[in-house]
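Enquirer: Coordinates in work-v3.cif, mmCIF, C-alpha atoms, are listed below.
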```cif
data_work
#
loop_
_atom_site.label_atom_id
_atom_site.label_comp_id
_atom_site.auth_asym_id
_atom_site.auth_seq_id
_atom_site.Cartn_x
_atom_site.Cartn_y
_atom_site.Cartn_z
CA MET A 1 169.87 -139.07 135.96
CA ARG A 2 171.44 -135.76 136.90
CA PRO A 3 171.19 -132.55 134.82
CA LEU A 4 174.59 -132.94 133.11
CA ASP A 5 174.33 -136.70 132.43
CA PRO A 6 172.52 -136.30 129.09
CA PHE A 7 175.26 -133.92 127.94
CA VAL A 8 177.93 -136.54 128.62
CA PHE A 9 176.03 -139.05 126.49
CA LEU A 10 175.25 -136.51 123.75
CA GLY A 11 178.85 -135.29 123.67
CA ALA A 12 180.12 -138.85 123.36
CA LEU A 13 177.54 -139.57 120.65
CA ALA A 14 178.62 -136.51 118.66
CA VAL A 15 182.29 -137.57 118.69
CA ILE A 16 181.38 -141.17 117.80
CA LEU A 17 179.20 -140.09 114.87
CA ALA A 18 181.89 -137.70 113.65
CA GLY A 19 184.45 -140.53 113.84
CA PHE A 20 182.23 -142.89 111.83
CA ALA A 21 181.32 -140.18 109.33
CA TYR A 22 184.98 -139.48 108.67
CA GLY A 23 186.15 -143.08 108.93
CA LEU A 24 183.58 -144.58 106.60
CA SER A 25 183.61 -141.76 104.04
CA GLY A 26 185.53 -141.74 100.80
CA GLY A 27 185.77 -144.20 98.01
CA SER A 28 187.95 -147.20 97.44
CA GLY A 29 191.44 -146.69 96.10
CA ASN A 30 192.88 -148.50 93.10
CA THR A 31 196.56 -148.61 94.00
CA VAL A 32 198.61 -149.69 96.96
CA ARG A 33 201.92 -147.98 97.61
CA ILE A 34 204.40 -150.05 99.58
CA THR A 35 207.33 -148.38 101.25
CA THR A 36 210.09 -150.54 102.69
CA PRO A 37 213.49 -149.51 104.11
CA TYR A 38 215.02 -150.61 100.79
CA ASP A 39 212.53 -149.73 98.11
CA GLU A 40 209.19 -148.30 97.17
CA TYR A 41 206.60 -150.08 95.04
CA SER A 42 203.18 -149.35 93.66
CA TYR A 43 200.70 -152.03 92.60
CA PRO A 44 197.16 -151.87 91.22
CA LEU A 45 194.50 -153.41 93.45
CA SER A 46 192.75 -154.88 90.42
CA LYS A 47 195.05 -157.88 90.12
CA ASN A 48 195.14 -160.54 92.83
CA ARG A 49 198.60 -161.53 94.00
CA VAL A 50 200.81 -162.28 96.98
CA LEU A 51 203.95 -160.16 97.22
CA GLU A 52 207.07 -160.81 99.17
CA VAL A 53 208.97 -157.75 100.36
CA ARG A 54 211.97 -157.29 102.60
CA GLY A 55 211.55 -155.32 105.84
CA SER A 56 214.13 -154.52 108.50
CA LEU A 57 213.36 -157.79 110.29
CA GLY A 58 213.16 -159.98 107.21
CA ALA A 59 210.66 -161.18 104.64
CA MET A 60 207.05 -160.09 104.77
CA LYS A 61 204.14 -161.38 102.72
CA LEU A 62 201.54 -158.92 101.47
CA GLU A 63 198.35 -159.90 99.71
CA ILE A 64 196.27 -158.04 97.16
CA ARG A 65 192.86 -159.51 96.49
CA ASN A 66 189.53 -158.21 95.17
CA GLY A 67 190.53 -154.55 95.38
CA LYS A 68 191.89 -154.81 98.91
CA ALA A 69 195.31 -155.27 100.43
CA ARG A 70 196.60 -156.72 103.68
CA VAL A 71 199.70 -157.95 105.45
CA LEU A 72 199.68 -161.74 105.28
CA GLU A 73 202.82 -162.71 107.16
CA SER A 74 205.36 -160.77 109.13
CA GLY A 75 208.10 -161.72 111.55
CA CYS A 76 207.38 -158.76 113.84
CA PRO A 77 206.57 -159.37 117.51
CA GLY A 78 203.32 -157.40 117.81
CA GLN A 79 201.64 -158.56 114.56
CA VAL A 80 199.74 -155.26 114.66
CA CYS A 81 200.09 -154.97 110.87
CA ILE A 82 198.34 -158.32 110.37
CA LYS A 83 195.58 -157.49 112.82
CA ARG A 84 194.98 -154.32 110.83
CA GLY A 85 193.28 -156.56 108.26
CA TRP A 86 192.15 -155.55 104.81
CA ILE A 87 192.61 -151.95 103.72
CA PHE A 88 190.92 -150.48 100.65
CA ARG A 89 189.80 -146.88 101.26
CA ILE A 90 191.85 -144.01 99.90
CA GLY A 91 194.21 -142.91 102.66
CA ASP A 92 193.97 -146.22 104.56
CA SER A 93 197.28 -147.64 105.67
CA ALA A 94 198.70 -150.73 107.31
CA VAL A 95 201.99 -150.09 109.04
CA CYS A 96 204.54 -152.52 110.39
CA VAL A 97 206.70 -150.38 112.65
CA PRO A 98 209.32 -153.05 113.55
CA ASN A 99 209.77 -153.92 109.86
CA ARG A 100 209.55 -150.29 108.78
CA VAL A 101 207.10 -151.20 106.04
CA ILE A 102 204.13 -149.04 105.13
CA MET A 103 201.23 -149.97 102.85
CA LYS A 104 199.02 -147.11 101.81
CA ILE A 105 195.97 -147.08 99.56
CA GLU A 106 195.98 -144.43 96.88
CA SER A 107 193.97 -143.47 93.87
CA GLU A 108 195.82 -143.17 90.61
CA LYS A 109 194.49 -142.68 87.13
CA ARG A 110 197.04 -144.91 85.43
CA GLU A 111 196.46 -148.63 85.63
CA LEU A 112 199.80 -150.30 85.07
CA ASP A 113 200.77 -153.75 86.09
CA GLY A 114 203.37 -152.59 88.57
CA ILE A 115 205.90 -149.84 89.03
CA THR A 116 209.22 -149.92 90.78
CA GLU A 117 210.86 -146.65 91.67
CA MET B 1 183.99 -152.04 155.41
CA GLU B 2 187.47 -151.33 156.65
CA LEU B 3 188.94 -150.54 153.24
CA LEU B 4 186.33 -147.91 152.46
CA ASN B 5 186.67 -146.41 155.95
CA ASP B 6 190.40 -146.12 155.41
CA VAL B 7 189.75 -144.36 152.11
CA ARG B 8 187.42 -141.93 153.86
CA ASP B 9 189.80 -141.29 156.78
CA TYR B 10 192.81 -141.10 154.48
CA SER B 11 194.08 -137.80 155.93
CA ARG B 12 194.21 -139.32 159.41
CA LEU B 13 196.00 -142.53 158.46
CA SER B 14 199.59 -143.21 159.46
CA PRO B 15 202.11 -143.25 156.56
CA ALA B 16 202.49 -147.03 156.89
CA ARG B 17 198.73 -147.48 156.72
CA ARG B 18 198.58 -145.27 153.61
CA VAL B 19 201.16 -147.42 151.85
CA TYR B 20 199.22 -150.52 152.84
CA LEU B 21 195.99 -149.01 151.53
CA ALA B 22 197.51 -147.96 148.20
CA ALA B 23 199.08 -151.40 147.77
CA PHE B 24 195.84 -153.17 148.62
CA LEU B 25 193.82 -151.02 146.23
CA THR B 26 196.39 -151.57 143.46
CA ALA B 27 196.16 -155.33 144.00
CA LEU B 28 192.36 -155.12 143.94
CA ALA B 29 192.41 -153.17 140.68
CA GLY B 30 194.91 -155.69 139.29
CA ILE B 31 192.63 -158.62 140.15
CA LEU B 32 189.69 -156.83 138.56
CA SER B 33 191.63 -156.26 135.36
CA VAL B 34 192.62 -159.95 135.25
CA LEU B 35 188.94 -160.88 135.68
CA ASP B 36 188.13 -158.38 132.95
CA ALA B 37 190.59 -160.06 130.60
CA MET B 38 189.02 -163.46 131.34
CA VAL B 39 185.53 -162.41 130.25
CA PRO B 40 185.05 -163.40 126.62
CA LYS B 41 184.29 -160.37 124.50
CA PRO B 42 182.83 -160.34 121.00
CA VAL B 43 185.05 -157.42 120.02
CA PRO B 44 188.84 -157.39 119.96
CA LEU B 45 190.58 -154.58 121.92
CA ALA B 46 187.47 -153.96 124.02
CA LYS B 47 187.55 -154.10 127.81
CA ILE B 48 184.79 -153.80 130.37
CA GLY B 49 187.02 -151.57 132.47
CA LEU B 50 186.39 -153.33 135.78
CA ALA B 51 189.69 -152.00 137.17
CA ASN B 52 188.27 -148.55 136.58
CA LEU B 53 185.75 -149.35 139.35
CA VAL B 54 188.50 -148.77 141.91
CA THR B 55 189.46 -145.44 140.35
CA LEU B 56 185.82 -144.44 140.12
CA VAL B 57 184.99 -145.23 143.76
CA LEU B 58 188.15 -143.40 144.93
CA LEU B 59 187.19 -140.35 142.89
CA LEU B 60 183.61 -140.45 144.16
CA GLU B 61 185.11 -140.45 147.67
CA ASP B 62 187.08 -137.36 146.65
CA ARG B 63 190.50 -139.03 146.77
CA PHE B 64 192.01 -137.77 143.54
CA SER B 65 195.70 -138.28 144.37
CA LEU B 66 195.04 -141.79 145.63
CA ALA B 67 193.01 -142.58 142.51
CA PHE B 68 195.83 -141.32 140.31
CA LEU B 69 198.45 -143.23 142.28
CA VAL B 70 196.51 -146.50 142.16
CA ALA B 71 195.74 -146.13 138.45
CA VAL B 72 199.42 -145.58 137.57
CA LEU B 73 200.65 -148.30 139.96
CA ARG B 74 198.20 -150.79 138.51
CA THR B 75 199.36 -150.02 134.99
CA VAL B 76 203.03 -150.35 136.00
CA THR B 77 202.59 -153.58 138.00
CA GLY B 78 200.32 -155.05 135.32
CA GLY B 79 202.91 -154.17 132.66
CA LEU B 80 205.70 -155.75 134.69
CA MET B 81 203.74 -158.94 135.23
CA THR B 82 202.64 -159.40 131.63
CA GLY B 83 206.02 -158.28 130.31
CA SER B 84 204.56 -155.42 128.31
CA PHE B 85 206.14 -152.73 130.50
CA LEU B 86 207.29 -149.73 128.39
CA SER B 87 206.04 -151.38 125.20
CA TYR B 88 203.66 -149.76 122.76
CA THR B 89 200.63 -151.61 124.16
CA TRP B 90 201.67 -150.62 127.67
CA LEU B 91 201.84 -146.97 126.62
CA LEU B 92 198.28 -147.36 125.40
CA SER B 93 197.03 -148.56 128.78
CA LEU B 94 199.07 -145.93 130.63
CA SER B 95 197.71 -143.07 128.56
CA GLY B 96 194.20 -144.50 128.88
CA SER B 97 194.44 -144.63 132.69
CA VAL B 98 196.04 -141.21 133.09
CA VAL B 99 193.70 -139.38 130.72
CA SER B 100 190.72 -141.10 132.32
CA VAL B 101 191.74 -140.17 135.89
CA PHE B 102 192.37 -136.53 134.96
CA GLY B 103 189.16 -136.32 132.91
CA MET B 104 187.04 -137.75 135.71
CA GLY B 105 188.92 -135.66 138.28
CA ALA B 106 188.08 -132.52 136.31
CA LEU B 107 184.38 -133.45 136.24
CA ARG B 108 184.31 -134.66 139.86
CA PRO B 109 183.11 -131.31 141.36
CA ALA B 110 179.86 -131.77 139.43
CA TYR B 111 179.12 -134.96 141.40
CA PRO B 112 176.59 -135.63 142.87
CA ARG B 113 174.55 -132.49 142.23
CA LEU B 114 174.98 -132.15 138.44
CA LEU B 115 176.48 -135.46 137.41
CA SER B 116 175.67 -139.02 138.53
CA ALA B 117 178.18 -141.81 139.09
CA VAL B 118 177.11 -143.21 135.72
CA GLY B 119 177.70 -139.87 133.98
CA LEU B 120 181.15 -139.58 135.56
CA SER B 121 182.04 -143.16 134.69
CA VAL B 122 180.90 -142.85 131.08
CA ALA B 123 183.03 -139.71 130.73
CA GLY B 124 185.97 -141.62 132.26
CA ALA B 125 185.57 -144.62 129.94
CA PHE B 126 185.30 -142.26 126.98
CA PHE B 127 188.44 -140.36 128.03
CA SER B 128 190.27 -143.64 128.50
CA THR B 129 189.53 -144.76 124.94
CA ALA B 130 190.24 -141.27 123.60
CA GLY B 131 193.60 -141.23 125.42
CA GLN B 132 194.54 -144.55 123.84
CA GLY B 133 193.35 -143.28 120.49
CA ALA B 134 195.62 -140.26 120.84
CA VAL B 135 198.64 -142.57 121.28
CA VAL B 136 197.62 -144.68 118.28
CA ILE B 137 197.29 -141.53 116.15
CA ALA B 138 200.62 -140.21 117.48
CA PHE B 139 202.34 -143.47 116.46
CA PHE B 140 200.60 -144.32 113.20
CA GLY B 141 198.87 -141.14 112.10
CA LEU B 142 195.16 -140.77 111.53
CA ASP B 143 193.69 -142.73 108.67
CA LYS B 144 190.09 -143.56 107.99
CA GLY B 145 190.19 -147.12 109.21
CA THR B 146 191.67 -145.99 112.52
CA ALA B 147 189.00 -143.29 112.85
CA ALA B 148 186.20 -145.80 112.28
CA LEU B 149 187.74 -148.30 114.71
CA LEU B 150 188.18 -145.60 117.36
CA ALA B 151 184.60 -144.42 116.91
CA PHE B 152 183.45 -147.99 117.35
CA LEU B 153 185.58 -148.50 120.49
CA LEU B 154 184.31 -145.19 121.88
CA ALA B 155 180.74 -146.43 121.39
CA VAL B 156 181.62 -149.65 123.24
CA SER B 157 183.22 -147.61 126.03
CA VAL B 158 179.99 -145.66 126.58
CA GLY B 159 178.26 -148.98 127.23
CA THR B 160 180.96 -150.36 129.52
CA GLY B 161 181.24 -146.99 131.31
CA THR B 162 177.52 -147.13 132.05
CA LEU B 163 177.97 -150.61 133.53
CA THR B 164 180.93 -149.71 135.77
CA GLY B 165 179.25 -146.45 136.79
CA TYR B 166 176.13 -148.33 137.79
CA LEU B 167 178.16 -150.90 139.75
CA GLY B 168 180.27 -148.22 141.46
CA GLY B 169 177.26 -146.12 142.40
CA ARG B 170 175.44 -149.18 143.71
CA PHE B 171 178.46 -150.22 145.75
CA LEU B 172 178.66 -146.84 147.47
CA ASN B 173 174.91 -146.59 148.01
CA GLY B 174 174.89 -150.05 149.55
CA ARG B 175 177.74 -149.07 151.87
CA ASN B 176 176.13 -145.79 152.85
CA ALA B 177 172.80 -147.44 153.62
CA LYS B 178 174.39 -149.63 156.30
#
```
Output the file's structure as structure tokens, nothing else.
Expert:
Amino acid sequence: MRPLDPFVFLGALAVILAGFAYGLSGGSGNTVRITTPYDEYSYPLSKNRVLEVRGSLGAMKLEIRNGKARVLESGCPGQVCIKRGWIFRIGDSAVCVPNRVIMKIESEKRELDGITE
Amino acid sequence: MELLNDVRDYSRLSPARRVYLAAFLTALAGILSVLDAMVPKPVPLAKIGLANLVTLVLLLEDRFSLAFLVAVLRTVTGGLMTGSFLSYTWLLSLSGSVVSVFGMGALRPAYPRLLSAVGLSVAGAFFSTAGQGAVVIAFFGLDKGTAALLAFLLAVSVGTGTLTGYLGGRFLNGRNAK
């Protein structure tokens, strides 16, 4: 151990703790907003369902279950959106860049079955 | 060891010998990163950073330009061989390498009096993950899940940085003892 070594570890620890503190803070959302190149939808997370939406590359399957949402199937090459897994915290998002589809968790007071805009 | 002697006598090498050395070191780093990929890891996206051993030893030997060159060449050749060249994932590894080399290069003057090889390596691993995180945030924006994942990967990188720093330091000590 050299004099500055502990500072490297402490500095890293501080950033890591800050990242976790921010990342794991905040409550769960109740709505998922889905933006596609063709449309924008909003669904409550309270009802389980599998949605099919159209992205730039073709059909995508999105799943809403137990207050969480995820990308189930996508024809994109990287499959980054699927690896993103379940999202449920306010501000969380799952993005499929090749399909130009964005899912974002929000918190809304109204609890409707589904809204198309 | 001839390779290490060449690194130490870099300024006196012929241009042809320098090219040979850079190519050899790039190949070595490439092999290490293939080995790295073969080791099963409990966590997705995590790497041990074995290829960083080459960069680390070069920096410890005060060969910043060579370290930078080898790090970039390894990323480019690796990208060409896996077919990920210029893709999003390739940009991640490029930014990780470049940020890590510059970060460690900036801290290098503190070695060995103020900072050990482990300290330098941990900083390098941390910078590497942070550099990749910066690209992710630039592409997708910062949301909470990304922040938590990055924090987790940063924590992993402190562990792997300690390991590579220990190995690198041991390697040089072993060589110097002979």
Enquirer: Please provide as a compact mmCIF listing (two decimals) with C-alpha atoms, in the frame of the given file all residues within 6 Å of Leu32 of chain B, with the sequence filter that same-chain residues fewer than 2 positions apart are discarded (counting all atoms listed in the file).
Expert:
```txt
# COMPACT_ATOMS: atom_id res chain seq x y z
CA ALA B 29 192.41 -153.17 140.68
CA GLY B 30 194.91 -155.69 139.29
CA VAL B 34 192.62 -159.95 135.25
CA LEU B 35 188.94 -160.88 135.68
CA LEU B 50 186.39 -153.33 135.78
CA ALA B 51 189.69 -152.00 137.17
```
Enquirer: Quick one: apply the PyMOL selection byres ((chain B) within 10 of (chain A)) to the file and drop the selected residues here as a PDB file with C-alpha atoms, in the coordinates of the input.
Expert:
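Below is the file that was written, expr_25.pdb:
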```
ATOM      1  CA  PRO B  44     188.840-157.390 119.960  1.00  0.00           C
ATOM      2  CA  SER B  87     206.040-151.380 125.200  1.00  0.00           C
ATOM      3  CA  TYR B  88     203.660-149.760 122.760  1.00  0.00           C
ATOM      4  CA  THR B  89     200.630-151.610 124.160  1.00  0.00           C
ATOM      5  CA  ALA B 110     179.860-131.770 139.430  1.00  0.00           C
ATOM      6  CA  TYR B 111     179.120-134.960 141.400  1.00  0.00           C
ATOM      7  CA  PRO B 112     176.590-135.630 142.870  1.00  0.00           C
ATOM      8  CA  ARG B 113     174.550-132.490 142.230  1.00  0.00           C
ATOM      9  CA  LEU B 114     174.980-132.150 138.440  1.00  0.00           C
ATOM     10  CA  LEU B 115     176.480-135.460 137.410  1.00  0.00           C
ATOM     11  CA  SER B 116     175.670-139.020 138.530  1.00  0.00           C
ATOM     12  CA  ALA B 117     178.180-141.810 139.090  1.00  0.00           C
ATOM     13  CA  VAL B 118     177.110-143.210 135.720  1.00  0.00           C
ATOM     14  CA  GLY B 119     177.700-139.870 133.980  1.00  0.00           C
ATOM     15  CA  LEU B 120     181.150-139.580 135.560  1.00  0.00           C
ATOM     16  CA  SER B 121     182.040-143.160 134.690  1.00  0.00           C
ATOM     17  CA  VAL B 122     180.900-142.850 131.080  1.00  0.00           C
ATOM     18  CA  ALA B 123     183.030-139.710 130.730  1.00  0.00           C
ATOM     19  CA  PHE B 126     185.300-142.260 126.980  1.00  0.00           C
ATOM     20  CA  PHE B 127     188.440-140.360 128.030  1.00  0.00           C
ATOM     21  CA  PHE B 139     202.340-143.470 116.460  1.00  0.00           C
ATOM     22  CA  PHE B 140     200.600-144.320 113.200  1.00  0.00           C
ATOM     23  CA  GLY B 141     198.870-141.140 112.100  1.00  0.00           C
ATOM     24  CA  LEU B 142     195.160-140.770 111.530  1.00  0.00           C
ATOM     25  CA  ASP B 143     193.690-142.730 108.670  1.00  0.00           C
ATOM     26  CA  LYS B 144     190.090-143.560 107.990  1.00  0.00           C
ATOM     27  CA  GLY B 145     190.190-147.120 109.210  1.00  0.00           C
ATOM     28  CA  THR B 146     191.670-145.990 112.520  1.00  0.00           C
ATOM     29  CA  ALA B 147     189.000-143.290 112.850  1.00  0.00           C
ATOM     30  CA  ALA B 148     186.200-145.800 112.280  1.00  0.00           C
ATOM     31  CA  LEU B 149     187.740-148.300 114.710  1.00  0.00           C
ATOM     32  CA  LEU B 150     188.180-145.600 117.360  1.00  0.00           C
ATOM     33  CA  ALA B 151     184.600-144.420 116.910  1.00  0.00           C
ATOM     34  CA  PHE B 152     183.450-147.990 117.350  1.00  0.00           C
ATOM     35  CA  LEU B 153     185.580-148.500 120.490  1.00  0.00           C
ATOM     36  CA  LEU B 154     184.310-145.190 121.880  1.00  0.00           C
ATOM     37  CA  ALA B 155     180.740-146.430 121.390  1.00  0.00           C
ATOM     38  CA  SER B 157     183.220-147.610 126.030  1.00  0.00           C
ATOM     39  CA  VAL B 158     179.990-145.660 126.580  1.00  0.00           C
ATOM     40  CA  THR B 162     177.520-147.130 132.050  1.00  0.00           C
TER      41      THR B 162
END
```
Enquirer: Could you name the residues that touch Ser65 of chain B at 10 Å or less, counting only C-alpha atoms, but leaving out those on the same chain fewer than 5 positions away, as a list in words?
Expert: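 Close residues of Ser65 of chain B: Leu58, Leu59, Val70, Ala71, Val101 and Gly105 of chain B.
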Enquirer: Once the PyMOL selection byres ((chain B and resi 64) around 12) has been applied to the shown file, what residues remain in the selection, as a ChimeraX atom specification?
Expert: /B:7,10,54-63,65-71,98,100-109
Enquirer: Any idea what the distance is between atom CA of Arg8 of chain B and atom CA of Leu21 of chain B?
Expert: 11.4 Å
Enquirer: Might you pull out every residue within 12 Å of Asp36 of chain B, with only C-alpha atoms counted and same-chain residues fewer than 3 positions away left off, and present them as a PyMOL selection string?
Expert: chain B and resi 29-33+39-41+45-53+160+164
Enquirer: Please write a file for segment 99-121 of chain B, taken from the block I just shared, that holds N, CA and C atoms and is laid out as a PDB file, in the first residue's frame.
Expert:
```pdb
ATOM      1  N   VAL B  99     -10.141   5.975 -22.373  1.00  0.00           N
ATOM      2  CA  VAL B  99     -10.289   6.673 -21.094  1.00  0.00           C
ATOM      3  C   VAL B  99      -9.372   6.058 -20.044  1.00  0.00           C
ATOM      4  N   SER B 100      -9.280   4.724 -20.069  1.00  0.00           N
ATOM      5  CA  SER B 100      -8.442   4.035 -19.094  1.00  0.00           C
ATOM      6  C   SER B 100      -6.961   4.376 -19.278  1.00  0.00           C
ATOM      7  N   VAL B 101      -6.488   4.386 -20.539  1.00  0.00           N
ATOM      8  CA  VAL B 101      -5.071   4.708 -20.778  1.00  0.00           C
ATOM      9  C   VAL B 101      -4.767   6.144 -20.342  1.00  0.00           C
ATOM     10  N   PHE B 102      -5.652   7.076 -20.701  1.00  0.00           N
ATOM     11  CA  PHE B 102      -5.394   8.470 -20.321  1.00  0.00           C
ATOM     12  C   PHE B 102      -5.481   8.658 -18.806  1.00  0.00           C
ATOM     13  N   GLY B 103      -6.457   8.002 -18.187  1.00  0.00           N
ATOM     14  CA  GLY B 103      -6.603   8.107 -16.730  1.00  0.00           C
ATOM     15  C   GLY B 103      -5.369   7.579 -16.014  1.00  0.00           C
ATOM     16  N   MET B 104      -4.923   6.386 -16.419  1.00  0.00           N
ATOM     17  CA  MET B 104      -3.741   5.805 -15.779  1.00  0.00           C
ATOM     18  C   MET B 104      -2.494   6.628 -16.113  1.00  0.00           C
ATOM     19  N   GLY B 105      -2.431   7.126 -17.354  1.00  0.00           N
ATOM     20  CA  GLY B 105      -1.293   7.954 -17.756  1.00  0.00           C
ATOM     21  C   GLY B 105      -1.191   9.205 -16.890  1.00  0.00           C
ATOM     22  N   ALA B 106      -2.365   9.788 -16.569  1.00  0.00           N
ATOM     23  CA  ALA B 106      -2.377  10.995 -15.754  1.00  0.00           C
ATOM     24  C   ALA B 106      -1.899  10.700 -14.338  1.00  0.00           C
ATOM     25  N   LEU B 107      -2.196   9.493 -13.843  1.00  0.00           N
ATOM     26  CA  LEU B 107      -1.810   9.148 -12.468  1.00  0.00           C
ATOM     27  C   LEU B 107      -0.408   8.537 -12.406  1.00  0.00           C
ATOM     28  N   ARG B 108       0.152   8.188 -13.557  1.00  0.00           N
ATOM     29  CA  ARG B 108       1.430   7.485 -13.614  1.00  0.00           C
ATOM     30  C   ARG B 108       2.566   8.162 -12.843  1.00  0.00           C
ATOM     31  N   PRO B 109       2.668   9.531 -12.868  1.00  0.00           N
ATOM     32  CA  PRO B 109       3.775  10.163 -12.134  1.00  0.00           C
ATOM     33  C   PRO B 109       3.774   9.837 -10.640  1.00  0.00           C
ATOM     34  N   ALA B 110       2.627   9.439 -10.107  1.00  0.00           N
ATOM     35  CA  ALA B 110       2.553   9.133  -8.677  1.00  0.00           C
ATOM     36  C   ALA B 110       3.140   7.754  -8.351  1.00  0.00           C
ATOM     37  N   TYR B 111       3.404   6.961  -9.415  1.00  0.00           N
ATOM     38  CA  TYR B 111       3.974   5.620  -9.204  1.00  0.00           C
ATOM     39  C   TYR B 111       5.489   5.696  -9.278  1.00  0.00           C
ATOM     40  N   PRO B 112       6.249   5.008  -8.441  1.00  0.00           N
ATOM     41  CA  PRO B 112       5.804   4.123  -7.359  1.00  0.00           C
ATOM     42  C   PRO B 112       5.775   4.790  -5.974  1.00  0.00           C
ATOM     43  N   ARG B 113       6.112   6.086  -5.912  1.00  0.00           N
ATOM     44  CA  ARG B 113       6.252   6.674  -4.575  1.00  0.00           C
ATOM     45  C   ARG B 113       4.909   6.802  -3.844  1.00  0.00           C
ATOM     46  N   LEU B 114       3.883   7.331  -4.570  1.00  0.00           N
ATOM     47  CA  LEU B 114       2.607   7.619  -3.922  1.00  0.00           C
ATOM     48  C   LEU B 114       1.523   6.590  -4.224  1.00  0.00           C
ATOM     49  N   LEU B 115       1.698   5.891  -5.347  1.00  0.00           N
ATOM     50  CA  LEU B 115       0.646   4.987  -5.792  1.00  0.00           C
ATOM     51  C   LEU B 115       1.286   3.649  -6.169  1.00  0.00           C
ATOM     52  N   SER B 116       0.664   2.543  -5.748  1.00  0.00           N
ATOM     53  CA  SER B 116       1.201   1.227  -6.110  1.00  0.00           C
ATOM     54  C   SER B 116       0.638   0.795  -7.467  1.00  0.00           C
ATOM     55  N   ALA B 117       1.162  -0.309  -7.977  1.00  0.00           N
ATOM     56  CA  ALA B 117       0.641  -0.851  -9.239  1.00  0.00           C
ATOM     57  C   ALA B 117      -0.840  -1.182  -9.083  1.00  0.00           C
ATOM     58  N   VAL B 118      -1.219  -1.684  -7.911  1.00  0.00           N
ATOM     59  CA  VAL B 118      -2.624  -2.022  -7.666  1.00  0.00           C
ATOM     60  C   VAL B 118      -3.481  -0.754  -7.702  1.00  0.00           C
ATOM     61  N   GLY B 119      -3.005   0.307  -7.034  1.00  0.00           N
ATOM     62  CA  GLY B 119      -3.763   1.562  -7.027  1.00  0.00           C
ATOM     63  C   GLY B 119      -3.963   2.089  -8.440  1.00  0.00           C
ATOM     64  N   LEU B 120      -2.891   2.036  -9.228  1.00  0.00           N
ATOM     65  CA  LEU B 120      -2.952   2.533 -10.609  1.00  0.00           C
ATOM     66  C   LEU B 120      -3.918   1.679 -11.446  1.00  0.00           C
ATOM     67  N   SER B 121      -3.837   0.373 -11.252  1.00  0.00           N
ATOM     68  CA  SER B 121      -4.675  -0.540 -12.020  1.00  0.00           C
ATOM     69  C   SER B 121      -6.154  -0.401 -11.652  1.00  0.00           C
TER      70      SER B 121
END
```
